[in-house]
Each structure stands twice: as C-alpha cells, then as structure tokens.
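Asks: Here you go, structure.pdb (PDB, C-alpha atoms and all ligand atoms):
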ATOM      1  CA  MET F 213      92.652 -20.082 125.600  1.00  0.00           C
ATOM      2  CA  HIS F 214      90.237 -19.364 128.428  1.00  0.00           C
ATOM      3  CA  TYR F 215      92.230 -16.313 129.396  1.00  0.00           C
ATOM      4  CA  MET F 216      92.140 -15.038 125.797  1.00  0.00           C
ATOM      5  CA  ASN F 217      88.371 -15.420 125.655  1.00  0.00           C
ATOM      6  CA  LEU F 218      87.976 -13.491 128.898  1.00  0.00           C
ATOM      7  CA  ARG F 219      90.353 -10.838 127.658  1.00  0.00           C
ATOM      8  CA  ARG F 220      88.473 -10.544 124.379  1.00  0.00           C
ATOM      9  CA  MET F 221      85.192 -10.285 126.270  1.00  0.00           C
ATOM     10  CA  ALA F 222      86.662  -7.619 128.564  1.00  0.00           C
ATOM     11  CA  LEU F 223      87.875  -5.657 125.542  1.00  0.00           C
ATOM     12  CA  GLY F 224      84.425  -5.939 123.990  1.00  0.00           C
ATOM     13  CA  VAL F 225      82.797  -4.619 127.168  1.00  0.00           C
ATOM     14  CA  ILE F 226      85.303  -1.763 127.298  1.00  0.00           C
ATOM     15  CA  ALA F 227      84.554  -0.936 123.645  1.00  0.00           C
ATOM     16  CA  ILE F 228      80.807  -0.909 124.306  1.00  0.00           C
ATOM     17  CA  LEU F 229      81.247   1.258 127.411  1.00  0.00           C
ATOM     18  CA  THR F 230      83.492   3.651 125.468  1.00  0.00           C
ATOM     19  CA  VAL F 231      80.862   4.016 122.757  1.00  0.00           C
ATOM     20  CA  ALA F 232      78.161   4.518 125.383  1.00  0.00           C
ATOM     21  CA  LEU F 233      80.250   7.205 127.055  1.00  0.00           C
ATOM     22  CA  LEU F 234      80.966   8.946 123.743  1.00  0.00           C
ATOM     23  CA  VAL F 235      77.293   8.889 122.769  1.00  0.00           C
ATOM     24  CA  GLY F 236      76.382  10.121 126.248  1.00  0.00           C
ATOM     25  CA  ALA F 237      78.956  12.920 126.108  1.00  0.00           C
ATOM     26  CA  CYS F 238      77.689  13.920 122.693  1.00  0.00           C
ATOM     27  CA  GLY F 239      74.120  14.043 123.988  1.00  0.00           C
ATOM     28  CA  ALA F 240      75.130  16.008 127.086  1.00  0.00           C
ATOM     29  CA  ALA F 241      76.916  18.542 124.903  1.00  0.00           C
ATOM     30  CA  GLY F 242      73.707  19.044 122.988  1.00  0.00           C
ATOM     31  CA  GLY F 243      75.261  17.621 119.832  1.00  0.00           C
ATOM     32  CA  GLN F 244      73.331  15.565 117.379  1.00  0.00           C
ATOM     33  CA  SER F 245      73.698  11.909 118.249  1.00  0.00           C
ATOM     34  CA  SER F 246      75.251  10.168 115.274  1.00  0.00           C
ATOM     35  CA  SER F 247      73.897   6.954 113.809  1.00  0.00           C
ATOM     36  CA  ASN F 248      75.780   3.743 114.337  1.00  0.00           C
ATOM     37  CA  PRO F 249      79.008   3.658 112.380  1.00  0.00           C
ATOM     38  CA  THR F 250      79.323   1.210 109.503  1.00  0.00           C
ATOM     39  CA  GLU F 251      81.597  -1.620 110.546  1.00  0.00           C
ATOM     40  CA  VAL F 252      84.320  -2.673 108.109  1.00  0.00           C
ATOM     41  CA  GLN F 253      86.351  -5.814 108.827  1.00  0.00           C
ATOM     42  CA  ILE F 254      89.903  -5.456 107.558  1.00  0.00           C
ATOM     43  CA  THR F 255      92.330  -8.367 107.484  1.00  0.00           C
ATOM     44  CA  LEU F 256      96.113  -8.060 107.475  1.00  0.00           C
ATOM     45  CA  SER F 257      98.398 -10.936 106.488  1.00  0.00           C
ATOM     46  CA  GLU F 258     101.688 -11.637 104.721  1.00  0.00           C
ATOM     47  CA  PHE F 259     101.513  -9.683 102.563  1.00  0.00           C
ATOM     48  CA  ALA F 260      98.054  -8.415 101.805  1.00  0.00           C
ATOM     49  CA  ILE F 261      95.289  -6.190 103.119  1.00  0.00           C
ATOM     50  CA  GLU F 262      91.737  -7.346 102.543  1.00  0.00           C
ATOM     51  CA  SER F 263      88.497  -5.431 103.008  1.00  0.00           C
ATOM     52  CA  PRO F 264      84.978  -6.324 101.879  1.00  0.00           C
ATOM     53  CA  GLN F 265      84.448  -2.648 101.147  1.00  0.00           C
ATOM     54  CA  THR F 266      86.780  -0.394  99.130  1.00  0.00           C
ATOM     55  CA  THR F 267      84.429   2.481  98.282  1.00  0.00           C
ATOM     56  CA  PHE F 268      83.496   4.812 101.117  1.00  0.00           C
ATOM     57  CA  SER F 269      81.530   7.993 101.622  1.00  0.00           C
ATOM     58  CA  THR F 270      82.509  11.223 103.286  1.00  0.00           C
ATOM     59  CA  GLY F 271      80.484  12.114 106.324  1.00  0.00           C
ATOM     60  CA  PRO F 272      79.308   8.950 108.060  1.00  0.00           C
ATOM     61  CA  SER F 273      81.596   7.453 110.643  1.00  0.00           C
ATOM     62  CA  TYR F 274      83.177   4.072 109.936  1.00  0.00           C
ATOM     63  CA  ARG F 275      84.218   1.512 112.470  1.00  0.00           C
ATOM     64  CA  PHE F 276      87.300  -0.187 111.071  1.00  0.00           C
ATOM     65  CA  VAL F 277      87.993  -3.497 112.789  1.00  0.00           C
ATOM     66  CA  ILE F 278      91.550  -4.358 111.826  1.00  0.00           C
ATOM     67  CA  LYS F 279      92.625  -7.932 112.463  1.00  0.00           C
ATOM     68  CA  ASN F 280      96.123  -9.268 112.009  1.00  0.00           C
ATOM     69  CA  GLU F 281      95.717 -12.813 110.746  1.00  0.00           C
ATOM     70  CA  GLY F 282      99.394 -13.017 109.859  1.00  0.00           C
ATOM     71  CA  THR F 283     102.325 -14.458 111.762  1.00  0.00           C
ATOM     72  CA  ILE F 284     104.243 -11.192 112.220  1.00  0.00           C
ATOM     73  CA  SER F 285     103.269  -7.677 113.361  1.00  0.00           C
ATOM     74  CA  HIS F 286     101.717  -5.259 110.901  1.00  0.00           C
ATOM     75  CA  ASN F 287     100.462  -1.698 111.005  1.00  0.00           C
ATOM     76  CA  TRP F 288      97.533  -0.087 109.245  1.00  0.00           C
ATOM     77  CA  ALA F 289      97.056   3.395 107.888  1.00  0.00           C
ATOM     78  CA  ILE F 290      94.730   5.246 105.561  1.00  0.00           C
ATOM     79  CA  MET F 291      97.031   7.078 103.181  1.00  0.00           C
ATOM     80  CA  PRO F 292      96.560   9.412 100.234  1.00  0.00           C
ATOM     81  CA  ARG F 293      97.016   7.195  97.152  1.00  0.00           C
ATOM     82  CA  GLY F 294     100.701   6.786  96.308  1.00  0.00           C
ATOM     83  CA  GLU F 295     101.883   8.501  99.502  1.00  0.00           C
ATOM     84  CA  THR F 296     104.485   6.571 101.509  1.00  0.00           C
ATOM     85  CA  ASP F 297     105.282   9.198 104.171  1.00  0.00           C
ATOM     86  CA  THR F 298     103.309   7.923 107.156  1.00  0.00           C
ATOM     87  CA  SER F 299     103.187  11.428 108.648  1.00  0.00           C
ATOM     88  CA  GLN F 300     100.590  12.011 105.908  1.00  0.00           C
ATOM     89  CA  ALA F 301      98.331   9.233 107.222  1.00  0.00           C
ATOM     90  CA  LEU F 302      94.700  10.196 107.801  1.00  0.00           C
ATOM     91  CA  THR F 303      94.586   7.668 110.614  1.00  0.00           C
ATOM     92  CA  LYS F 304      96.951   4.933 111.739  1.00  0.00           C
ATOM     93  CA  VAL F 305      97.256   1.928 114.032  1.00  0.00           C
ATOM     94  CA  ASP F 306     100.843   1.157 115.013  1.00  0.00           C
ATOM     95  CA  GLU F 307     102.371  -2.295 114.805  1.00  0.00           C
ATOM     96  CA  ALA F 308     102.738  -2.361 118.624  1.00  0.00           C
ATOM     97  CA  GLN F 309      98.945  -2.695 118.715  1.00  0.00           C
ATOM     98  CA  LEU F 310      98.810  -5.261 115.919  1.00  0.00           C
ATOM     99  CA  PRO F 311     100.887  -8.305 116.821  1.00  0.00           C
ATOM    100  CA  PRO F 312      99.791 -11.624 115.264  1.00  0.00           C
ATOM    101  CA  GLY F 313      96.179 -12.402 116.217  1.00  0.00           C
ATOM    102  CA  ALA F 314      95.415  -8.900 117.484  1.00  0.00           C
ATOM    103  CA  SER F 315      92.294  -7.001 116.541  1.00  0.00           C
ATOM    104  CA  VAL F 316      91.979  -3.218 116.861  1.00  0.00           C
ATOM    105  CA  THR F 317      88.833  -1.158 116.430  1.00  0.00           C
ATOM    106  CA  GLN F 318      89.318   2.302 115.008  1.00  0.00           C
ATOM    107  CA  ASP F 319      86.429   4.708 114.472  1.00  0.00           C
ATOM    108  CA  PHE F 320      87.109   7.252 111.795  1.00  0.00           C
ATOM    109  CA  THR F 321      85.186   9.714 109.653  1.00  0.00           C
ATOM    110  CA  LEU F 322      86.460  10.367 106.156  1.00  0.00           C
ATOM    111  CA  THR F 323      86.068  14.051 105.375  1.00  0.00           C
ATOM    112  CA  GLN F 324      87.795  14.288 101.996  1.00  0.00           C
ATOM    113  CA  ALA F 325      86.811  12.619  98.719  1.00  0.00           C
ATOM    114  CA  GLY F 326      89.535  11.141  96.552  1.00  0.00           C
ATOM    115  CA  ASP F 327      91.858   8.204  95.992  1.00  0.00           C
ATOM    116  CA  PHE F 328      93.350   6.696  99.105  1.00  0.00           C
ATOM    117  CA  GLY F 329      94.672   3.361 100.250  1.00  0.00           C
ATOM    118  CA  PHE F 330      94.872   1.073 103.236  1.00  0.00           C
ATOM    119  CA  ALA F 331      98.540   0.298 103.757  1.00  0.00           C
ATOM    120  CA  CYS F 332     101.091  -1.310 106.062  1.00  0.00           C
ATOM    121  CA  HIS F 333     104.316   0.655 106.165  1.00  0.00           C
ATOM    122  CA  ILE F 334     106.656  -1.686 107.971  1.00  0.00           C
ATOM    123  CA  PRO F 335     109.755  -1.659 105.721  1.00  0.00           C
ATOM    124  CA  GLY F 336     109.215  -4.052 102.820  1.00  0.00           C
ATOM    125  CA  HIS F 337     105.548  -4.808 103.522  1.00  0.00           C
ATOM    126  CA  TYR F 338     104.039  -2.102 101.354  1.00  0.00           C
ATOM    127  CA  GLU F 339     106.328  -3.154  98.510  1.00  0.00           C
ATOM    128  CA  ALA F 340     105.362  -6.816  99.055  1.00  0.00           C
ATOM    129  CA  GLY F 341     101.696  -6.030  98.515  1.00  0.00           C
ATOM    130  CA  MET F 342     100.272  -4.576 101.720  1.00  0.00           C
ATOM    131  CA  LEU F 343      98.350  -1.897  99.902  1.00  0.00           C
ATOM    132  CA  LEU F 344      94.652  -1.844  99.110  1.00  0.00           C
ATOM    133  CA  PRO F 345      93.418   1.071  96.994  1.00  0.00           C
ATOM    134  CA  ILE F 346      90.208   2.632  98.257  1.00  0.00           C
ATOM    135  CA  THR F 347      88.003   5.407  96.928  1.00  0.00           C
ATOM    136  CA  VAL F 348      86.198   8.016  98.979  1.00  0.00           C
ATOM    137  CA  GLN F 349      83.201   9.621  97.287  1.00  0.00           C
TER     138      GLN F 349
HETATM  139 CU    CU C   1     102.855  -5.359 107.377  1.00  0.00          CU
END
Show me this structure written as structure tokens.

Replies:
Amino acid sequence: MHYMNLRRMALGVIAILTVALLVGACGAAGGQSSSNPTEVQITLSEFAIESPQTTFSTGPSYRFVIKNEGTISHNWAIMPRGETDTSQALTKVDEAQLPPGASVTQDFTLTQAGDFGFACHIPGHYEAGMLLPITVQ
C-alpha cells in the first residue's frame, strides 16, 4: 500500500516534470505555449467504457486519464466509428500498460471532426460492450 502510494506520487511528479519540459521546449522553440489541456477521466471495466464527456472539439489538447477499474487488463483506443482494425486508431494505450488498477495519462489533440469511439479491442471485449461513441465537432 505504502509502496503504491509512493509509486503513484513518483509517477505524478514525472508527469508534471514531463509537462514542464514540453512547455519549456515549446517556449524555447518560439512556439505558442498552449493552454492547459482539458482533463477527461475515462474508466474501463468489464465490460464498459465510461467518460463524463463524449463530445469533443478539434484543436484544443485533451488529457485523457484512463483508469482500469476492472479485474482484467484492457486497452483503450480512439477509433473511427464502426472501425475495428486497430491500425486505424487515432491514438491507443496497449493492455500491457493497463493491468487492473492501472491509470495512464495520454495527451492527444483531435484534428478531425466526425463520429468516433473509445474502444477496447481485446478479443471479445468490444463485442461485450467496451465501446463508447464519441463525437468530435
Ligand atoms: Cu477490454
């Protein structure tokens, strides 16, 4: 328990440092510093994907925090609606990074409007309900 808390804290510090470095690099390159990304907490379980937000905008960066609250590994991808070929994923977090209890932070900017979905593509999971339709405007 104690170890997990320390590990979580260490990961948080690493995440903050990474963001600081990225912002710094952006500034050094003379690029426009972007505003803070909108954080979206996504929950994976058997067999569902939940998100408080299902309508997104192109342009601003999102910080997807994907947590596996299930008892088996899951993966997470943003897919064109109806697409099941994961090579077509806009962005993806593999199941190796999402064992039970794991939380992964993925920053991503949606550049294309349309119908998409959050999905888990471990065989059988998508069919069992691990699909959440989303809309990008
Ligand atoms: Cu799954």

Asks: Please determine, counting only C-alpha atoms and all ligand atoms, which residue among F:Ile284, F:Ile254, F:Ala325, F:Ile346 has the shortest atom-to-atom distance to ligand CU 1 (chain C).

Replies: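 Closest to ligand CU 1 (chain C), using only C-alpha atoms and all ligand atoms: F:Ile284.
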
Asks: Taking all atoms listed in the file into account, list the residues no farther than 7 Å from ligand CU 1 (chain C), as an NGL selection string.

Replies: :F and (258-259 or 285-287 or 332-334 or 337-338 or 342)

Asks: What is the distance, in Å and to one decimal place, between CA of Gln265 in chain F and CA of Pro312 in chain F?

Replies: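 Interatomic distance, CA of Gln265 in chain F to CA of Pro312 in chain F: 22.7 Å.
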
Asks: Which neighbours of Val305 in chain F fall inside 10 Å, counting only C-alpha atoms, when residues of the same chain fewer than 5 positions from it are skipped, and could you give them as a PyMOL selection string?

Replies: chain F and resi 278+286-290+310+316-318+332

Asks: Here is a test: counting all atoms listed in the file, which residue of F:Pro335, F:Ile261, F:Pro272, F:Gln309 is nearest to Asp297 in chain F?

Replies: F:Pro335

Asks: Just to confirm, what's the straight-line distance from CA of Ser269 in chain F to CA of Ala308 in chain F in Å (one decimal)?

Replies: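 Here the two named atoms are 29.1 Å from each other.
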
Asks: Please complete range 310-321 of chain F with all heavy atoms and give it back as a short mmCIF file (atom, residue, chain, number, x, y, z; two decimals), in the coordinates of the input.

Replies:
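In the end it all went to selection_14.cif:
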data_model
loop_
_atom_site.label_atom_id
_atom_site.label_comp_id
_atom_site.auth_asym_id
_atom_site.auth_seq_id
_atom_site.Cartn_x
_atom_site.Cartn_y
_atom_site.Cartn_z
N LEU F 310 99.27 -4.24 116.86
CA LEU F 310 98.81 -5.26 115.92
C LEU F 310 99.78 -6.43 115.79
O LEU F 310 100.22 -6.77 114.70
CB LEU F 310 98.57 -4.63 114.53
CG LEU F 310 97.27 -3.84 114.39
CD1 LEU F 310 97.26 -3.02 113.10
CD2 LEU F 310 96.06 -4.77 114.43
N PRO F 311 100.11 -7.06 116.92
CA PRO F 311 100.89 -8.30 116.82
C PRO F 311 100.02 -9.40 116.20
O PRO F 311 98.81 -9.20 116.04
CB PRO F 311 101.24 -8.61 118.28
CG PRO F 311 100.13 -8.02 119.06
CD PRO F 311 99.74 -6.77 118.31
N PRO F 312 100.60 -10.55 115.85
CA PRO F 312 99.79 -11.62 115.26
C PRO F 312 98.58 -11.95 116.14
O PRO F 312 98.71 -12.07 117.36
CB PRO F 312 100.76 -12.81 115.21
CG PRO F 312 102.11 -12.17 115.13
CD PRO F 312 102.01 -10.91 115.95
N GLY F 313 97.41 -12.04 115.51
CA GLY F 313 96.18 -12.40 116.22
C GLY F 313 95.43 -11.23 116.82
O GLY F 313 94.29 -11.38 117.24
N ALA F 314 96.05 -10.06 116.86
CA ALA F 314 95.42 -8.90 117.48
C ALA F 314 94.33 -8.32 116.59
O ALA F 314 94.36 -8.46 115.37
CB ALA F 314 96.45 -7.83 117.80
N SER F 315 93.37 -7.67 117.24
CA SER F 315 92.29 -7.00 116.54
C SER F 315 92.11 -5.63 117.18
O SER F 315 92.04 -5.51 118.39
CB SER F 315 91.01 -7.83 116.66
OG SER F 315 89.99 -7.25 115.90
N VAL F 316 92.10 -4.58 116.36
CA VAL F 316 91.98 -3.22 116.86
C VAL F 316 90.79 -2.55 116.19
O VAL F 316 90.60 -2.67 114.98
CB VAL F 316 93.26 -2.40 116.57
CG1 VAL F 316 93.07 -0.93 116.92
CG2 VAL F 316 94.44 -2.98 117.32
N THR F 317 89.98 -1.88 116.98
CA THR F 317 88.83 -1.16 116.43
C THR F 317 89.14 0.33 116.39
O THR F 317 89.55 0.91 117.39
CB THR F 317 87.59 -1.41 117.30
OG1 THR F 317 87.32 -2.80 117.30
CG2 THR F 317 86.39 -0.67 116.75
N GLN F 318 88.99 0.89 115.21
CA GLN F 318 89.32 2.30 115.01
C GLN F 318 88.13 2.99 114.35
O GLN F 318 87.77 2.68 113.22
CB GLN F 318 90.57 2.39 114.10
CG GLN F 318 91.07 3.77 113.85
CD GLN F 318 92.21 4.13 114.80
OE1 GLN F 318 92.32 3.58 115.89
NE2 GLN F 318 93.05 5.05 114.39
N ASP F 319 87.52 3.93 115.06
CA ASP F 319 86.43 4.71 114.47
C ASP F 319 87.02 5.91 113.76
O ASP F 319 87.89 6.59 114.31
CB ASP F 319 85.46 5.18 115.56
CG ASP F 319 84.59 4.05 116.08
OD1 ASP F 319 84.63 2.95 115.49
OD2 ASP F 319 83.88 4.26 117.07
N PHE F 320 86.55 6.14 112.56
CA PHE F 320 87.11 7.25 111.80
C PHE F 320 86.08 7.77 110.79
O PHE F 320 85.34 7.01 110.19
CB PHE F 320 88.38 6.80 111.05
CG PHE F 320 89.13 7.95 110.42
CD1 PHE F 320 89.80 8.86 111.21
CD2 PHE F 320 89.15 8.11 109.05
CE1 PHE F 320 90.49 9.93 110.64
CE2 PHE F 320 89.84 9.18 108.47
CZ PHE F 320 90.51 10.08 109.27
N THR F 321 86.06 9.08 110.64
CA THR F 321 85.19 9.71 109.65
C THR F 321 86.03 10.28 108.54
O THR F 321 86.96 11.06 108.79
CB THR F 321 84.36 10.84 110.31
OG1 THR F 321 83.59 10.28 111.37
CG2 THR F 321 83.45 11.51 109.31
#
